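Asks: Here you go, this is entry.cif (mmCIF, C-alpha atoms).
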data_structure
#
loop_
_atom_site.label_atom_id
_atom_site.label_comp_id
_atom_site.auth_asym_id
_atom_site.auth_seq_id
_atom_site.Cartn_x
_atom_site.Cartn_y
_atom_site.Cartn_z
CA MET A 1 103.03 114.61 80.79
CA ALA A 2 101.23 112.99 77.84
CA VAL A 3 99.86 116.39 76.85
CA LEU A 4 103.34 117.91 76.89
CA LEU A 5 104.69 114.99 74.86
CA SER A 6 101.99 115.30 72.21
CA ALA A 7 102.53 119.04 71.74
CA ASP A 8 105.10 120.32 69.27
CA GLU A 9 106.14 123.33 71.25
CA PRO A 10 106.44 124.36 74.91
CA MET A 11 103.10 124.97 76.61
CA THR A 12 101.93 127.21 79.40
CA ALA A 13 99.88 125.86 82.28
CA ALA A 14 96.74 127.43 80.76
CA GLN A 15 97.36 125.64 77.45
CA VAL A 16 97.88 122.33 79.21
CA ARG A 17 94.67 122.87 81.16
CA ALA A 18 92.76 123.63 77.98
CA ALA A 19 94.17 120.53 76.30
CA MET A 20 92.93 118.45 79.23
CA GLY A 21 89.42 119.80 78.75
CA ASP A 22 89.44 122.40 81.54
CA ALA A 23 88.54 119.61 83.93
CA LEU A 24 91.21 120.54 86.46
CA ALA A 25 91.71 123.72 88.43
CA TYR A 26 94.42 126.01 87.09
CA THR A 27 96.41 125.77 90.31
CA THR A 28 96.31 121.95 90.15
CA VAL A 29 97.75 121.98 86.65
CA MET A 30 100.41 124.45 87.79
CA THR A 31 101.38 122.23 90.73
CA VAL A 32 101.57 119.10 88.60
CA LEU A 33 103.66 120.85 85.96
CA SER A 34 106.12 122.22 88.47
CA ARG A 35 106.43 118.74 90.01
CA ILE A 36 107.13 117.28 86.60
CA ALA A 37 109.78 119.94 86.11
CA ASP A 38 111.27 119.24 89.55
CA LYS A 39 111.54 115.57 88.67
CA GLY A 40 113.63 116.50 85.65
CA LEU A 41 111.06 115.25 83.15
CA ALA A 42 110.36 118.68 81.69
CA VAL A 43 112.15 122.03 81.43
CA ARG A 44 110.55 125.24 82.59
CA SER A 45 111.35 128.54 80.94
CA ARG A 46 109.93 132.04 80.98
CA GLN A 47 107.94 133.26 78.02
CA GLY A 48 106.53 136.72 78.52
CA ARG A 49 104.80 136.69 81.90
CA ALA A 50 104.09 132.97 82.09
CA HIS A 51 106.22 129.84 82.52
CA VAL A 52 106.23 127.41 79.62
CA TYR A 53 106.98 123.71 79.98
CA ALA A 54 108.56 121.39 77.45
CA PRO A 55 109.23 117.66 77.86
CA ILE A 56 112.91 116.84 77.70
CA ARG A 57 112.62 113.20 76.79
CA ASP A 58 110.13 110.84 75.26
CA GLY A 59 108.34 108.30 77.42
CA ALA A 60 110.57 105.34 76.65
CA GLU A 61 113.69 107.31 77.50
CA VAL A 62 112.25 108.39 80.80
CA THR A 63 111.54 104.78 81.69
CA ALA A 64 115.07 103.81 80.79
CA MET A 65 116.47 106.68 82.80
CA ARG A 66 114.47 105.80 85.90
CA MET A 67 115.35 102.13 85.66
CA ARG A 68 118.99 102.96 85.17
CA ARG A 69 118.76 104.83 88.42
CA LEU A 70 117.69 101.54 90.02
CA LEU A 71 120.58 99.74 88.37
CA ASP A 72 122.91 102.27 89.97
CA ALA A 73 121.09 101.89 93.29
CA ASP A 74 123.08 102.77 96.36
CA ASP A 75 123.43 100.36 99.28
CA ASP A 76 120.13 101.36 100.81
CA ARG A 77 118.11 100.80 97.68
CA ALA A 78 120.08 97.72 96.65
CA ALA A 79 119.13 96.19 100.00
CA VAL A 80 115.46 96.11 99.00
CA LEU A 81 116.09 94.45 95.63
CA ALA A 82 116.59 90.72 95.16
CA ARG A 83 119.39 90.56 92.59
CA PHE A 84 119.87 87.58 90.31
CA VAL A 85 123.63 87.50 90.76
CA GLY A 86 125.87 89.50 93.06
CA SER A 87 129.22 91.04 92.31
CA LEU A 88 132.18 88.79 91.69
CA THR A 89 135.70 89.05 92.96
CA ASP A 90 138.49 88.38 90.46
CA ALA A 91 138.98 84.98 92.07
CA ASP A 92 135.27 84.17 91.67
CA GLU A 93 135.49 85.17 88.02
CA ALA A 94 138.36 82.77 87.43
CA ILE A 95 136.48 79.94 89.16
CA LEU A 96 133.35 80.51 87.08
CA LEU A 97 135.29 80.69 83.81
CA GLU A 98 136.93 77.44 84.76
CA MET A 99 133.56 75.87 85.56
CA LEU A 100 132.06 76.99 82.25
CA ALA A 101 135.01 75.81 80.19
CA ASN A 102 135.75 72.69 82.11
CA PRO A 103 132.95 71.30 84.23
CA ASP A 104 133.62 68.19 86.25
CA ARG A 105 131.02 66.18 84.31
CA ASP A 106 131.11 64.88 80.76
CA THR A 107 128.83 67.45 79.15
CA PRO A 108 129.92 71.09 79.15
CA LEU A 109 127.82 73.51 81.11
CA MET B 1 118.02 86.98 137.63
CA ASN B 2 121.75 86.73 136.96
CA GLY B 3 121.82 83.00 136.31
CA SER B 4 119.09 83.17 133.69
CA THR B 5 120.66 86.24 132.12
CA LEU B 6 123.93 84.38 131.75
CA THR B 7 122.10 81.39 130.26
CA PHE B 8 120.47 83.74 127.80
CA VAL B 9 123.77 85.34 126.78
CA ALA B 10 125.28 81.87 126.35
CA LEU B 11 122.36 80.76 124.15
CA CYS B 12 122.73 83.91 122.04
CA LEU B 13 126.43 83.24 121.54
CA ILE B 14 125.81 79.59 120.66
CA TYR B 15 123.10 80.57 118.19
CA ALA B 16 125.22 83.32 116.61
CA GLY B 17 128.10 80.88 116.28
CA MET B 18 126.16 77.92 114.90
CA ALA B 19 123.35 79.48 112.86
CA PRO B 20 125.43 80.38 109.76
CA ASP B 21 126.53 76.76 109.36
CA LEU B 22 123.12 75.33 110.24
CA THR B 23 121.44 77.61 107.70
CA SER B 24 123.48 76.12 104.89
CA ARG B 25 122.49 72.58 105.97
CA ILE B 26 118.74 73.12 105.93
CA ARG B 27 116.73 73.13 102.69
CA PRO B 28 116.78 76.81 101.69
CA SER B 29 113.01 77.27 101.52
CA ILE B 30 112.64 76.10 105.12
CA GLY B 31 116.01 77.39 106.33
CA VAL B 32 115.37 81.01 105.37
CA ARG B 33 111.97 81.14 107.07
CA LEU B 34 113.10 79.32 110.19
CA VAL B 35 116.42 81.12 110.66
CA VAL B 36 114.93 84.57 110.03
CA VAL B 37 112.13 83.91 112.52
CA VAL B 38 114.54 82.58 115.16
CA SER B 39 116.99 85.43 114.52
CA VAL B 40 114.26 88.00 114.97
CA ALA B 41 113.16 86.19 118.16
CA VAL B 42 116.75 86.19 119.47
CA ALA B 43 117.12 89.88 118.61
CA VAL B 44 113.84 90.86 120.29
CA ALA B 45 114.64 88.70 123.32
CA GLY B 46 118.06 90.37 123.53
CA LEU B 47 116.45 93.80 123.53
CA PHE B 48 114.03 92.64 126.21
CA VAL B 49 116.80 91.34 128.47
CA LEU B 50 118.92 94.47 128.03
CA GLY B 51 115.92 96.70 128.61
CA ALA B 52 114.65 94.76 131.62
CA THR B 53 118.06 94.69 133.32
CA GLY B 54 118.54 98.38 132.72
CA PHE B 55 115.01 99.18 133.84
CA THR B 56 115.31 97.24 137.10
CA TRP B 57 118.27 99.39 137.95
CA ALA B 58 116.57 102.60 136.87
CA ALA B 59 113.54 101.58 138.93
CA GLN B 60 115.67 101.75 142.07
CA ASP B 61 115.89 105.49 141.63
CA SER B 62 113.58 107.04 144.22
CA GLN B 63 111.88 109.32 141.67
CA VAL B 64 111.07 106.48 139.29
CA ALA B 65 109.99 104.28 142.19
CA ARG B 66 107.51 106.87 143.39
CA VAL B 67 105.78 106.90 140.01
CA GLY B 68 105.63 103.09 139.87
CA ARG B 69 104.69 102.81 143.59
CA TRP B 70 107.28 100.23 144.53
CA SER B 71 109.99 100.14 147.14
CA PRO B 72 113.44 100.94 145.75
CA GLU B 73 115.14 99.37 148.78
CA GLN B 74 113.38 96.07 148.29
CA LEU B 75 114.24 96.00 144.60
CA ARG B 76 117.87 96.72 145.39
CA ALA B 77 117.94 93.80 147.80
CA ALA B 78 116.22 91.47 145.33
CA ASP B 79 118.26 92.41 142.31
CA PRO B 80 121.91 92.98 142.98
CA VAL B 81 122.92 93.94 139.41
CA PRO B 82 126.06 96.07 139.68
CA ARG B 83 125.48 99.66 138.67
CA VAL B 84 128.09 99.65 135.87
CA GLU B 85 126.62 96.56 134.19
CA ALA B 86 123.07 97.83 134.47
CA GLY B 87 124.10 101.19 133.06
CA LEU B 88 125.87 99.44 130.19
CA CYS B 89 122.70 97.44 129.49
CA LEU B 90 120.69 100.64 129.24
CA VAL B 91 123.23 102.18 126.87
CA LEU B 92 123.32 99.06 124.67
CA PHE B 93 119.54 98.88 124.70
CA THR B 94 119.26 102.49 123.57
CA VAL B 95 121.88 102.08 120.84
CA ALA B 96 120.23 98.88 119.54
CA VAL B 97 116.73 100.36 119.47
CA MET B 98 118.01 103.48 117.72
CA SER B 99 119.84 101.48 115.07
CA VAL B 100 116.80 99.26 114.44
CA LEU B 101 114.56 102.31 114.06
CA ARG B 102 117.09 104.03 111.81
CA LEU B 103 117.45 100.99 109.55
CA ALA B 104 113.69 100.40 109.43
CA TRP B 105 113.25 104.01 108.35
CA LEU B 106 115.93 103.67 105.65
CA ARG B 107 114.42 100.43 104.33
CA VAL B 108 110.90 101.83 104.21
CA GLN B 109 112.22 104.89 102.39
CA ALA B 110 114.09 102.71 99.91
CA VAL B 111 111.10 100.45 99.25
CA LEU B 112 108.89 103.47 98.65
CA ALA B 113 111.48 105.17 96.43
CA VAL B 114 111.91 102.05 94.30
CA ARG B 115 108.16 101.57 94.08
CA ARG B 116 107.76 105.18 92.96
CA GLU B 117 110.33 104.73 90.19
CA VAL B 118 108.62 101.54 89.04
CA HIS B 119 105.14 102.99 89.31
CA ASP B 120 106.10 106.04 87.24
CA CYS B 121 107.15 103.71 84.44
CA ARG B 122 103.72 102.06 84.44
CA PRO B 123 104.92 98.57 83.61
CA ALA B 124 102.40 96.69 81.47
CA THR B 125 103.58 93.28 82.65
CA ASP B 126 105.37 91.87 85.65
CA VAL B 127 108.66 91.84 83.75
CA MET B 128 110.26 95.12 82.72
CA LEU B 129 112.89 95.03 80.04
CA VAL B 130 115.26 97.94 80.36
CA GLU B 131 117.35 99.16 77.48
CA ASP B 132 120.84 99.08 79.02
CA ASP B 133 124.10 97.47 78.01
CA ARG B 134 124.99 96.42 81.51
CA ALA B 135 123.86 92.90 82.34
CA ASP B 136 121.65 92.91 85.41
CA ALA B 137 118.40 91.53 86.77
CA PHE B 138 116.52 92.00 90.01
CA THR B 139 113.11 91.84 91.66
CA THR B 140 111.65 94.71 93.67
CA ALA B 141 109.77 94.43 96.95
CA GLY B 142 106.10 93.44 96.81
CA PRO B 143 103.16 93.79 96.76
CA ARG B 144 103.05 94.28 93.02
CA ALA B 145 106.73 93.52 92.78
CA VAL B 146 108.22 93.71 89.30
CA ILE B 147 111.12 91.89 87.75
CA VAL B 148 113.60 94.17 85.99
CA VAL B 149 115.97 92.73 83.40
CA THR B 150 118.33 94.67 81.15
CA THR B 151 118.60 94.03 77.43
CA GLY B 152 122.33 93.72 78.11
CA LEU B 153 121.59 90.47 79.94
CA MET B 154 118.53 89.21 78.02
CA ASP B 155 120.14 89.55 74.59
CA ARG B 156 123.20 87.58 75.57
CA LEU B 157 121.32 84.63 77.07
CA SER B 158 119.87 81.74 75.10
CA GLU B 159 116.13 81.08 75.26
CA PRO B 160 116.38 78.29 77.89
CA GLU B 161 118.73 80.48 79.95
CA ARG B 162 116.17 83.30 79.88
CA GLN B 163 113.55 80.86 81.18
CA ALA B 164 115.86 79.89 84.03
CA LEU B 165 116.57 83.53 84.88
CA LEU B 166 112.89 84.46 84.92
CA ALA B 167 111.99 81.36 86.94
CA HIS B 168 114.56 82.45 89.55
CA GLU B 169 113.24 86.01 89.72
CA ARG B 170 109.61 84.82 89.82
CA SER B 171 110.50 82.74 92.87
CA HIS B 172 111.88 85.91 94.52
CA ARG B 173 108.62 87.65 93.79
CA ARG B 174 106.27 84.84 94.72
CA HIS B 175 107.88 84.25 98.10
CA GLY B 176 108.46 87.92 98.93
CA HIS B 177 112.15 87.29 99.40
CA VAL B 178 112.98 90.97 99.84
CA TRP B 179 110.91 91.08 103.02
CA TRP B 180 112.78 88.13 104.54
CA LEU B 181 116.04 89.94 103.77
CA VAL B 182 114.77 93.16 105.35
CA ALA B 183 113.56 91.30 108.48
CA MET B 184 116.99 89.70 108.83
CA ASP B 185 118.69 93.09 108.35
CA LEU B 186 116.64 94.47 111.23
CA ALA B 187 117.55 91.51 113.45
CA VAL B 188 121.24 92.17 112.70
CA ALA B 189 120.77 95.86 113.50
CA ALA B 190 119.34 94.90 116.90
CA ASN B 191 122.04 92.32 117.55
CA PRO B 192 125.30 92.64 115.57
CA LEU B 193 126.31 89.15 116.75
CA LEU B 194 123.93 87.90 114.03
CA ALA B 195 125.89 89.55 111.18
CA ARG B 196 127.30 86.26 109.91
CA THR B 197 123.88 84.64 110.09
CA GLY B 198 122.59 87.55 108.03
CA ARG B 199 125.07 86.79 105.25
CA ALA B 200 124.13 83.10 105.40
CA VAL B 201 120.46 84.04 105.00
CA THR B 202 121.22 86.26 101.97
CA HIS B 203 122.94 83.29 100.38
CA ALA B 204 120.14 80.89 101.35
CA VAL B 205 117.54 83.19 99.77
CA GLU B 206 119.37 82.96 96.45
CA ARG B 207 119.72 79.20 96.83
CA TRP B 208 115.97 78.99 97.45
CA ALA B 209 115.24 80.84 94.20
CA ASP B 210 117.85 78.72 92.39
CA GLU B 211 116.19 75.50 93.57
CA ASP B 212 112.77 76.80 92.54
CA ALA B 213 114.13 77.74 89.11
CA ALA B 214 115.72 74.31 88.70
CA GLU B 215 112.41 72.68 89.50
CA GLN B 216 110.60 74.95 87.07
CA VAL B 217 112.92 74.34 84.10
CA ALA B 218 113.65 70.77 85.23
CA ASP B 219 117.36 71.20 84.56
CA ARG B 220 119.86 71.91 87.33
CA ARG B 221 122.79 72.31 84.98
CA LEU B 222 120.91 74.90 82.93
CA VAL B 223 120.43 76.99 86.08
CA ALA B 224 124.10 76.54 86.97
CA ARG B 225 125.18 77.71 83.52
CA THR B 226 122.78 80.68 83.56
CA LEU B 227 124.09 81.78 86.95
CA ALA B 228 127.71 81.54 85.88
CA ARG B 229 127.14 83.34 82.59
CA ALA B 230 125.00 86.10 84.11
CA ALA B 231 127.54 86.73 86.86
CA LEU B 232 130.40 86.94 84.36
CA LEU B 233 128.40 89.24 82.07
CA ARG B 234 127.49 91.46 84.99
CA LYS B 235 131.11 91.74 86.06
CA GLN B 236 132.27 92.60 82.56
CA GLY B 237 129.57 95.24 82.24
CA ALA B 238 130.42 96.77 85.60
CA ALA B 239 134.12 96.85 84.74
CA ALA B 240 133.43 98.41 81.33
CA ALA B 241 131.22 101.08 82.83
CA ALA B 242 133.72 101.57 85.66
CA VAL B 243 130.81 101.48 88.09
CA ALA B 244 131.57 100.95 91.73
CA VAL B 245 129.75 97.70 92.44
CA VAL B 246 127.98 98.03 95.73
CA LEU B 247 126.94 95.48 98.32
CA ALA B 248 127.75 91.81 98.34
CA ALA B 249 124.12 90.88 97.69
CA GLY B 250 123.18 87.92 95.54
CA GLY B 251 125.14 85.42 97.59
CA ASP B 252 128.33 83.63 96.71
CA VAL B 253 127.87 82.79 93.02
CA PRO B 254 130.53 80.04 92.68
CA ALA B 255 128.98 78.26 95.68
CA ARG B 256 125.54 78.58 94.11
CA VAL B 257 126.80 77.16 90.81
CA ARG B 258 128.47 74.29 92.63
CA ALA B 259 125.26 73.54 94.52
CA MET B 260 123.34 73.43 91.25
CA LEU B 261 125.86 71.01 89.75
CA GLY B 262 125.19 68.58 92.56
CA PRO B 263 121.94 66.73 93.23
CA ARG B 264 118.99 68.42 94.89
CA PRO B 265 119.99 68.67 98.58
CA ARG B 266 117.86 66.76 101.06
CA GLY B 267 118.46 69.07 103.98
CA SER B 268 119.62 67.91 107.39
CA ALA B 269 116.91 67.09 109.92
CA LEU B 270 119.56 67.37 112.64
CA ALA B 271 120.32 70.98 111.72
CA LEU B 272 116.60 71.70 111.69
CA ALA B 273 116.22 70.20 115.14
CA ALA B 274 119.22 72.15 116.43
CA VAL B 275 117.75 75.49 115.36
CA GLY B 276 114.37 74.53 116.81
CA LEU B 277 116.02 73.54 120.10
CA LEU B 278 117.89 76.85 120.30
CA LEU B 279 114.62 78.70 119.69
CA VAL B 280 112.91 76.79 122.51
CA GLY B 281 115.89 77.48 124.77
CA VAL B 282 115.78 81.21 124.09
CA LEU B 283 112.01 81.42 124.58
CA VAL B 284 112.10 79.46 127.85
CA THR B 285 114.96 81.56 129.24
CA VAL B 286 113.25 84.82 128.37
CA THR B 287 109.98 83.63 129.88
CA VAL B 288 111.76 82.70 133.09
CA LEU B 289 113.40 86.13 133.17
CA GLN B 290 110.09 87.83 132.56
CA VAL B 291 108.25 85.88 135.27
CA ARG B 292 111.01 86.52 137.80
CA ALA B 293 111.12 90.24 137.05
CA ASP B 294 107.34 90.43 137.42
CA ALA B 295 107.44 88.60 140.72
CA MET B 296 110.21 90.88 141.96
CA PHE B 297 108.26 94.01 141.15
CA ASP B 298 105.10 92.56 142.66
CA ALA B 299 106.94 91.78 145.89
CA ALA B 300 108.34 95.30 146.04
CA GLN B 301 104.97 96.88 145.37
CA LEU B 302 103.94 99.37 148.05
CA PRO B 303 100.45 99.15 149.47
CA ARG B 304 98.16 101.78 147.98
#
Please re-express this file's structure in structure tokens.
Replies:
Amino acid sequence: MAVLLSADEPMTAAQVRAAMGDALAYTTVMTVLSRIADKGLAVRSRQGRAHVYAPIRDGAEVTAMRMRRLLDADDDRAAVLARFVGSLTDADEAILLEMLANPDRDTPL
Amino acid sequence: MNGSTLTFVALCLIYAGMAPDLTSRIRPSIGVRLVVVVSVAVAVAGLFVLGATGFTWAAQDSQVARVGRWSPEQLRAADPVPRVEAGLCLVLFTVAVMSVLRLAWLRVQAVLAVRREVHDCRPATDVMLVEDDRADAFTTAGPRAVIVVTTGLMDRLSEPERQALLAHERSHRRHGHVWWLVAMDLAVAANPLLARTGRAVTHAVERWADEDAAEQVADRRLVARTLARAALLRKQGAAAAAVAVVLAAGGDVPARVRAMLGPRPRGSALALAAVGLLLVGVLVTVTVLQVRADAMFDAAQLPR
């Protein structure tokens, strides 16, 4: 992924492998690249006979995107997160506003 | 067998009825641990009783009896559980086991999915700040749990409020609160009578982290204010983004704020004793059932 991000233009699997110092087998690089593409972190397109891969977002944006997915977590995922505050009903909201504006002690909250 | 079974059912009903109230009377750090452990024990015991009753009936089938080398006639004489009830027990047992397995699978999947998302982001520290306008904060399941806070929340809190928020989330992480919640979820899946207790435990977990945070920042009112402000900000953000807000997790915020405005609760020793007593009752009853069932099968054993 870092290799793709540092390149200016889309790369083929062979180019990525070369950039990584030929340390990995060609098929390994291919597999990793197609996984990255499947995860939506890179786009794959045909160039001549080979596939080329280009990153679609920079690293920070990917992080934000993934974390946003957690924010939007469905019930199943939300159940394994300990949230700071839960959702409020309209009545709860009114009570809290009242508490903030008008606490039952001398000093405001 | 019937008398003990009835005692067990009665104890379950008493526990299911009283536990939610008792939970709120015990100091949260002790209450969560105790009530989750007892709830799991009650759920497991319930499965055992259902399974054992159903099995005793199934064992009277001549085919099954041949495999187990006992006399079906003798069992039938020793254990006069009506066929309909025994059948019902087997059905309930199957349904409960299936729903526990299903939920456990879902929770494991969710924990792994969340961990994957977090891992892919390679957080440098235990707190991840996420660029997002919605105000939200949560802690993932450990080990290597991370605390995720949005800029939408962080930027709108004052420095002391941020300290309170992080102290709360660090308590979640340190005590592995997510696991207690998951254990309680599984107990509820095995025994739906515990649903109200489950909600009480969710609330108590938040109270536990609130109390820890208050101790950390040495200011109960600061925690109260942070809670109220964060909850209001989160609601505004959710309304603005028109997001369907899922799950009533996080406990009842006004009640949490109110608790933080009062003095540090002492916790009722009576409530503690009551839960302990119920646990002992359940364990004794189940042991009696187990011993009797064993004796019954031993008596019906055919000579080899």
Asks: Do you have the atom CA of Val111 of chain B-atom CA of Asp75 of chain A distance handy?
Replies: 12.3 Å
Asks: Please identify every residue of chain B that has at least one atom no farther than 6 Å from an atom of chain A, counting all atoms listed in the file, and for each give the shortest atom pair and the distance in Å to one decimal, arranged by chain then increasing number, as a tab-separated table.
Replies:
residue	atom	partner	partner_atom	distance
B:Ala110	CA	A:Arg77	CA	5.0
B:Cys121	CA	A:Thr63	CA	5.3
B:Val130	CA	A:Ala64	CA	5.9
B:Ala137	CA	A:Phe84	CA	5.5
B:Phe138	CA	A:Arg83	CA	4.1
B:Thr139	CA	A:Ala82	CA	5.1
B:Thr140	CA	A:Leu81	CA	4.9
B:Val178	CA	A:Val80	CA	5.8
B:Arg225	CA	A:Leu109	CA	5.5
B:Ala228	CA	A:Leu96	CA	5.9
B:Ala231	CA	A:Val85	CA	5.6
B:Ala249	CA	A:Gly86	CA	5.1
B:Gly250	CA	A:Gly86	CA	4.0
Asks: On this structure, which residues satisfy the PyMOL selection byres ((chain A and resi 31-38) around 12), written as JSON, numbers by chain?
Replies: {"A": [1, 2, 3, 4, 10, 11, 12, 13, 14, 15, 16, 17, 24, 25, 26, 27, 28, 29, 30, 39, 40, 41, 42, 43, 44, 45, 51, 52, 53, 54, 55, 56, 57, 62], "B": [120]}
Asks: Please evaluate the PyMOL selection byres ((chain B and resi 269-271) around 12) against the displayed coordinates and give the resulting residues as a list in words.
Replies: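 Evaluating the PyMOL selection byres ((chain B and resi 269-271) around 12) on these coordinates yields Tyr15, Met18, Ala19, Pro20, Asp21, Leu22, Thr23, Ser24, Arg25, Ile26, Arg27, Ile30, Gly31, Leu34, Val35, Pro265, Arg266, Gly267, Ser268, Leu272, Ala273, Ala274, Val275, Gly276, Leu277 and Leu278 of chain B.
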Asks: Using Å and a single decimal, report how far atom CA of Ala113 of chain B sits from atom CA of Asn191 of chain B.
Replies: 26.9 Å
Asks: Would you mind reading off the distance between atom CA of Ala300 of chain B and atom CA of Gln74 of chain B, one decimal, in Å?
Replies: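 Taking atom CA of Ala300 of chain B as the start and atom CA of Gln74 of chain B as the end point, the length is 5.6 Å.
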Asks: Given the file shown, determine the residues that the PyMOL selection byres ((chain B and resi 8) around 12) selects; report them as JSON, numbers by chain.
Replies: {"B": [1, 2, 3, 4, 5, 6, 7, 9, 10, 11, 12, 13, 14, 15, 42, 43, 45, 46, 47, 48, 49, 50, 278, 279, 280, 281, 282, 283, 284, 285, 286, 287, 288, 289]}
Asks: Quick one: residues within 10 Å of Leu181 of chain B, only C-alpha atoms, excluding same-chain residues fewer than 2 positions away - as an mmCIF file with C-alpha atoms, in the frame of the given file?
Replies:
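Final output, saved to part_12.cif:
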data_model
loop_
_atom_site.group_PDB
_atom_site.id
_atom_site.type_symbol
_atom_site.label_atom_id
_atom_site.label_comp_id
_atom_site.auth_asym_id
_atom_site.auth_seq_id
_atom_site.Cartn_x
_atom_site.Cartn_y
_atom_site.Cartn_z
ATOM 1 C CA ALA A 79 119.130 96.190 100.000
ATOM 2 C CA VAL A 80 115.460 96.110 99.000
ATOM 3 C CA LEU A 81 116.090 94.450 95.630
ATOM 4 C CA ALA A 82 116.590 90.720 95.160
ATOM 5 C CA VAL B 32 115.370 81.010 105.370
ATOM 6 C CA VAL B 36 114.930 84.570 110.030
ATOM 7 C CA GLY B 176 108.460 87.920 98.930
ATOM 8 C CA HIS B 177 112.150 87.290 99.400
ATOM 9 C CA VAL B 178 112.980 90.970 99.840
ATOM 10 C CA TRP B 179 110.910 91.080 103.020
ATOM 11 C CA ALA B 183 113.560 91.300 108.480
ATOM 12 C CA MET B 184 116.990 89.700 108.830
ATOM 13 C CA ASP B 185 118.690 93.090 108.350
ATOM 14 C CA LEU B 186 116.640 94.470 111.230
ATOM 15 C CA ALA B 187 117.550 91.510 113.450
ATOM 16 C CA GLY B 198 122.590 87.550 108.030
ATOM 17 C CA ARG B 199 125.070 86.790 105.250
ATOM 18 C CA VAL B 201 120.460 84.040 105.000
ATOM 19 C CA THR B 202 121.220 86.260 101.970
ATOM 20 C CA VAL B 205 117.540 83.190 99.770
#
Asks: Please, could N, CA and C atoms be added to segment 71-86 of chain A and the result written as a PDB file, in the coordinates of the input?
Replies:
ATOM      1  N   LEU A  71     119.393 100.565  88.607  1.00  0.00           N
ATOM      2  CA  LEU A  71     120.580  99.740  88.370  1.00  0.00           C
ATOM      3  C   LEU A  71     121.754 100.284  89.166  1.00  0.00           C
ATOM      4  N   ASP A  72     121.813 101.625  89.250  1.00  0.00           N
ATOM      5  CA  ASP A  72     122.910 102.270  89.970  1.00  0.00           C
ATOM      6  C   ASP A  72     122.585 102.427  91.451  1.00  0.00           C
ATOM      7  N   ALA A  73     121.573 101.695  91.923  1.00  0.00           N
ATOM      8  CA  ALA A  73     121.090 101.890  93.290  1.00  0.00           C
ATOM      9  C   ALA A  73     122.223 101.869  94.304  1.00  0.00           C
ATOM     10  N   ASP A  74     122.112 102.763  95.272  1.00  0.00           N
ATOM     11  CA  ASP A  74     123.080 102.770  96.360  1.00  0.00           C
ATOM     12  C   ASP A  74     122.783 101.605  97.305  1.00  0.00           C
ATOM     13  N   ASP A  75     123.587 101.492  98.358  1.00  0.00           N
ATOM     14  CA  ASP A  75     123.430 100.360  99.280  1.00  0.00           C
ATOM     15  C   ASP A  75     122.019 100.254  99.828  1.00  0.00           C
ATOM     16  N   ASP A  76     121.443 101.389 100.185  1.00  0.00           N
ATOM     17  CA  ASP A  76     120.130 101.360 100.810  1.00  0.00           C
ATOM     18  C   ASP A  76     119.067 100.808  99.864  1.00  0.00           C
ATOM     19  N   ARG A  77     119.107 101.288  98.632  1.00  0.00           N
ATOM     20  CA  ARG A  77     118.110 100.800  97.680  1.00  0.00           C
ATOM     21  C   ARG A  77     118.421  99.372  97.260  1.00  0.00           C
ATOM     22  N   ALA A  78     119.700  99.073  97.075  1.00  0.00           N
ATOM     23  CA  ALA A  78     120.080  97.720  96.650  1.00  0.00           C
ATOM     24  C   ALA A  78     119.609  96.691  97.683  1.00  0.00           C
ATOM     25  N   ALA A  79     119.513  97.122  98.940  1.00  0.00           N
ATOM     26  CA  ALA A  79     119.130  96.190 100.000  1.00  0.00           C
ATOM     27  C   ALA A  79     117.665  95.779  99.893  1.00  0.00           C
ATOM     28  N   VAL A  80     116.860  96.514  99.135  1.00  0.00           N
ATOM     29  CA  VAL A  80     115.460  96.110  99.000  1.00  0.00           C
ATOM     30  C   VAL A  80     115.186  95.549  97.600  1.00  0.00           C
ATOM     31  N   LEU A  81     116.246  95.127  96.915  1.00  0.00           N
ATOM     32  CA  LEU A  81     116.090  94.450  95.630  1.00  0.00           C
ATOM     33  C   LEU A  81     116.675  93.057  95.772  1.00  0.00           C
ATOM     34  N   ALA A  82     116.006  92.068  95.173  1.00  0.00           N
ATOM     35  CA  ALA A  82     116.590  90.720  95.160  1.00  0.00           C
ATOM     36  C   ALA A  82     117.287  90.558  93.816  1.00  0.00           C
ATOM     37  N   ARG A  83     118.612  90.607  93.837  1.00  0.00           N
ATOM     38  CA  ARG A  83     119.390  90.560  92.590  1.00  0.00           C
ATOM     39  C   ARG A  83     119.583  89.122  92.153  1.00  0.00           C
ATOM     40  N   PHE A  84     119.651  88.929  90.828  1.00  0.00           N
ATOM     41  CA  PHE A  84     119.870  87.580  90.310  1.00  0.00           C
ATOM     42  C   PHE A  84     121.267  87.080  90.710  1.00  0.00           C
ATOM     43  N   VAL A  85     122.270  87.871  90.387  1.00  0.00           N
ATOM     44  CA  VAL A  85     123.630  87.500  90.760  1.00  0.00           C
ATOM     45  C   VAL A  85     124.321  88.699  91.398  1.00  0.00           C
ATOM     46  N   GLY A  86     125.144  88.423  92.395  1.00  0.00           N
ATOM     47  CA  GLY A  86     125.870  89.500  93.060  1.00  0.00           C
ATOM     48  C   GLY A  86     127.160  89.815  92.335  1.00  0.00           C
TER      49      GLY A  86
END
